[in-house]
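Q: For reference, the structure I am asking about is given below.
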2 protein chains.
Amino acid sequence: MMELSVIKIGGNIIDDEENLQSFLVSFAAVPGKKILVHGGGKLASDLAARLQIPQQKAEGRRITNKETLDIVTMVYAGLINKKITAKLQSLQCNVLGLSGADANIILAHKRSVTASGIDYGYVGDIDHVSSQTIHDLLRNFDAIVIAPITHDGEGQLLNTNADTIAKEVAIGMSNTNSVKLIYCFEKNGVLMDVEDDKSVIPAITPELYTALLKEKNKKGEPIIADGMIPKLTNALATVEAGVKAVVIGNAMELGRLLSGAGGTTIKKSSNDVV
Amino acid sequence: MMELSVIKIGGNIIDDEENLQSFLVSFAAVPGKKILVHGGGKLASDLAARLQIPQQKAEGRRITNKETLDIVTMVYAGLINKKITAKLQSLQCNVLGLSGADANIILAHKRSVTASGIDYGYVGDIDHVSSQTIHDLLRNFDAIVIAPITHDGEGQLLNTNADTIAKEVAIGMSNTNSVKLIYCFEKNGVLMDVEDDKSVIPAITPELYTALLKEKNKKGEPIIADGMIPKLTNALATVEAGVKAVVIGNAMELGRLLSGAGGTTIKKSSNDVV
């Protein structure tokens with residue numbers, strides 16, 4: 001089994017030139033094959049504002065009309081993806097920067113209008129990841145860099161959540177590879193005390209998660225706050241589906257996240273060596 | 001030797017949704033392996049105008065400052081490249097849409113300030129085409145689609161003329177492949193009479209070119225007009241460098257261009273079967 005790291009970065013890295021450069025140096029140094037999935041950061045919203053294209057959100061998610069789809073395609077698959085690709089090439093990391101339409105790697109369908117009547121527009125929900133194609137590409141290249149744009153197989157590009165792409169790609173690749181999925185965000189990991197950056201919980205198993213859900217901190221608030229619950233249930237479902245471990249932590253310490261010395265590692269059993 | 005067609009399209013196809021769709025249907029049907037090189041059309045200039053970024057030209061060529069580089073990267077490598085990729089996938093043509101930075105396929109250097117003092121900014125002149133990498137990718141995919149963005153190997157993206165990319169890729173690939181290079185433009189080919197679309201010269205060899213340069217039409221004007229001279233000298237240099245034939249003609253009759261039934265075919269000798 002090939003060792004594969006799937007790493008997702010978001011706006012806090014993409015929007016800051018120095019953070020991005022420092023992250024990419026660490027990324028290039030990661031041993032084994034790797035996949036980088038990037039979000040869009042603030043650049044797409046900034047461009048929409050400059051073009052005076054109003055951005056609507058529903059339940060915290062961007063509604064993607066035709067003009068907004070063009071914007072995210074330009075910013076995600078063009079500007080960000082190619083900047084990252086050129087920088088990685090300069091670090092002797094030979095990469096291909098792809099969207100889901102390239103090599104048909106991610107097939108999606110346009111999300112239907114929700115039961116509550118929300119039309120998200122050109123937003124894609126993933127149907128299929130071509131893990132064999134990705135596997136073959138990774139034989140010849142050090143890494144691939146995936147922009148959060150997919151397609152429906154009928155010529156339509158679709159805007160797709162980068163966290164979901166990272167998860168589905170990691171699960172798809174876990175059939176024939178030993179996969180770690182790393183979600184980088186602005187915090188050091190899942191914290192026992194949100195005000196103490198050093199209170200990272202090093203490992204979470206399904207049993208510990210169930211126990212933590214009931215626990216409260218000194219102030220009587222739940223330890224696992226609202227925003228963390230979907231991240232953790234998703235991570236547990238991902239390891240259940242075959243991914244060896246999901247690590248949540250700070251992009252600025254990527255090496256430590258991969259070695260298990262930093263961040264929070266979500267795994268099936270406390271006996272698992274990951 | 002693998003049969004390979006390198007096809008370059010410009011604004012008259014890219015800017016018109018119907019023309020583009022019709023062209024891509026013909027492209028998908030071309031037998032053998034193929035490479036599509038696309039320019040940018042009016043979209044980049046339109047976006048620059050909407051963002052109020054003044055565009056400067058020198059000797060007919062765009063000066064690429066930092067903001068303009070971001071625009072062409074977004075429009076060429078993002079919007080146009082991914083739209084074409086998704087449309088070709090829907091036509092069962094499995095493609096990879098790439099810039100020169102992806103897989104390190106085209107290495108360039110930033111053009112120096114010219115002797116006459118013109119600084120073209122982030123414009124790249126090509127140093128190297130990784131023909132082996134392109135060859136390997138074409139083993140696994142039907143086609144690759146190249147946006148006219150290259151890189152310098154030190155992390156800098158560069159804006160590069162699409163005609164030049166098509167030429168250099170065709171020459172690079174001709175070591176191990178039997179390559180035809182097709183330049184699509186708005187005319188049916190090189191015309192004996194610029195006012196008669198049907199007066200296409202079917203084939204031009206170096207000898208015929210030398211003869212044609214001296215000929216005048218009924219009005220006493222040269223048959224080979226100013227704008228056509230660099231196209232033809234370039235085409236002759238390209239066949240001299242190993243490309244089997246260069247065809248100049250109308251994108252709307254791609255099949256006829258490839259079979260030799262349409263357009264003007266530039267070849268080394270009138271005995272060449274191309």
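FYI, nothing fancy with the structure tokens labels: chains A, B, ... in order, residues from 1 per chain, ligands from 1 as they appear.
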Just list as JSON, numbers by chain whatever in range 142-214 of chain A DSSP marks as strand (DSSP E or B).

A: {"A": [143, 144, 145, 146, 149, 150, 151, 157, 158, 159, 177, 178, 179, 180, 181, 182, 183, 184, 185, 191, 200, 203, 204]}

Q: Kindly provide, as a PyMOL selection string, the residues of chain B having any atom no farther than 9 Å from an atom of chain A, counting only C-alpha atoms.

A: chain B and resi 47+50-51+70-92+94-104+137+141+150-157

Q: Only C-alpha atoms, please: the residues just picked out, written as a short mmCIF file (atom, residue, chain, number, x, y, z; two decimals), in the first residue's frame.

A:
```cif
data_model
loop_
_atom_site.label_atom_id
_atom_site.label_comp_id
_atom_site.auth_asym_id
_atom_site.auth_seq_id
_atom_site.Cartn_x
_atom_site.Cartn_y
_atom_site.Cartn_z
CA LEU B 47 -12.34 41.72 -17.15
CA ARG B 50 -14.50 45.99 -15.53
CA LEU B 51 -11.79 46.10 -12.84
CA ASP B 70 -3.45 37.75 -12.22
CA ILE B 71 -6.22 38.52 -14.73
CA VAL B 72 -4.79 36.38 -17.53
CA THR B 73 -4.04 33.56 -15.07
CA MET B 74 -7.66 33.64 -13.91
CA VAL B 75 -9.20 33.94 -17.37
CA TYR B 76 -6.87 31.69 -19.41
CA ALA B 77 -5.86 28.97 -16.91
CA GLY B 78 -9.12 29.14 -14.93
CA LEU B 79 -12.26 30.12 -16.80
CA ILE B 80 -11.44 29.24 -20.42
CA ASN B 81 -9.27 26.19 -19.73
CA LYS B 82 -11.77 24.58 -17.34
CA LYS B 83 -14.82 25.38 -19.50
CA ILE B 84 -13.14 23.69 -22.45
CA THR B 85 -12.09 20.74 -20.27
CA ALA B 86 -15.61 20.18 -18.91
CA LYS B 87 -17.13 20.44 -22.40
CA LEU B 88 -14.65 17.94 -23.84
CA GLN B 89 -15.34 15.50 -20.99
CA SER B 90 -19.04 15.67 -21.90
CA LEU B 91 -17.99 14.67 -25.46
CA GLN B 92 -16.21 11.55 -24.11
CA ASN B 94 -10.81 12.52 -21.61
CA VAL B 95 -8.56 15.56 -21.22
CA LEU B 96 -6.27 17.27 -18.77
CA GLY B 97 -6.33 21.07 -18.80
CA LEU B 98 -2.87 22.38 -17.97
CA SER B 99 -0.73 25.47 -17.72
CA GLY B 100 3.00 25.35 -18.41
CA ALA B 101 3.64 25.08 -14.65
CA ASP B 102 1.63 21.85 -14.33
CA ALA B 103 3.90 18.82 -14.58
CA ASN B 104 6.55 21.42 -15.47
CA LEU B 137 0.35 12.01 -20.32
CA PHE B 141 -5.51 10.60 -21.94
CA THR B 150 4.03 29.33 -18.32
CA HIS B 151 6.45 29.53 -15.36
CA ASP B 152 10.11 30.23 -14.75
CA GLY B 153 10.85 27.32 -12.40
CA GLU B 154 11.38 29.78 -9.56
CA GLY B 155 7.73 30.18 -8.64
CA GLN B 156 6.80 32.94 -11.09
CA LEU B 157 3.94 32.50 -13.57
#
```

Q: With only C-alpha atoms as the atoms that count, which of B:Pro206, B:Pro31, B:Pro54, B:Gly227 lies nearest to Val190 in chain B?

A: B:Gly227

Q: I'd like to know which of A:Val169, A:Ala48, A:Leu212, A:Ala241 is closest to Thr64 in chain A, using only C-alpha atoms.

A: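 Among A:Val169, A:Ala48, A:Leu212, A:Ala241, it is A:Ala48 that comes nearest to Thr64 in chain A.
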
Q: Got a sec: who's within 7 Å of range 178-185 of chain B, counting only C-alpha atoms, leaving out chain neighbours fewer than 6 positions off, as a CSV table (one decimal) with C-alpha atoms, in the first residue's frame?

A:
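This went into part_7.csv:
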```csv
chain,number,residue,atom,x,y,z
B,1,MET,CA,5.6,7.1,-34.3
B,2,MET,CA,2.3,8.3,-32.7
B,3,GLU,CA,0.1,10.5,-34.8
B,4,LEU,CA,-0.4,13.8,-33.0
B,5,SER,CA,-2.4,16.9,-33.9
B,6,VAL,CA,-1.5,20.2,-32.2
B,7,ILE,CA,-4.3,22.6,-32.7
B,8,LYS,CA,-4.4,26.3,-31.8
B,9,ILE,CA,-7.6,28.3,-31.5
B,10,GLY,CA,-8.0,32.0,-30.8
B,170,ALA,CA,4.7,20.9,-31.9
B,243,VAL,CA,6.9,19.1,-37.8
B,244,LYS,CA,5.3,17.2,-40.7
B,245,ALA,CA,3.0,20.0,-41.8
B,246,VAL,CA,1.5,23.3,-40.6
B,247,VAL,CA,-2.1,23.9,-41.7
B,248,ILE,CA,-3.6,27.4,-41.6
B,249,GLY,CA,-7.4,27.6,-41.9
B,250,ASN,CA,-10.9,28.1,-40.5
B,251,ALA,CA,-11.7,26.4,-37.1
```

Q: Rounded to one decimal in Å, what is the spacing between CA of Lys218 in chain A and CA of Glu195 in chain A?

A: 11.6 Å

Q: With a distance cut-off of 7 Å and only C-alpha atoms, select the neighbouring residues of Gly41 in chain A, excluding the residue or stretch itself and same-chain residues fewer than 6 positions from it, and output the selection as an MDAnalysis selection string.

A: chainID A and resid 10:11 14:15
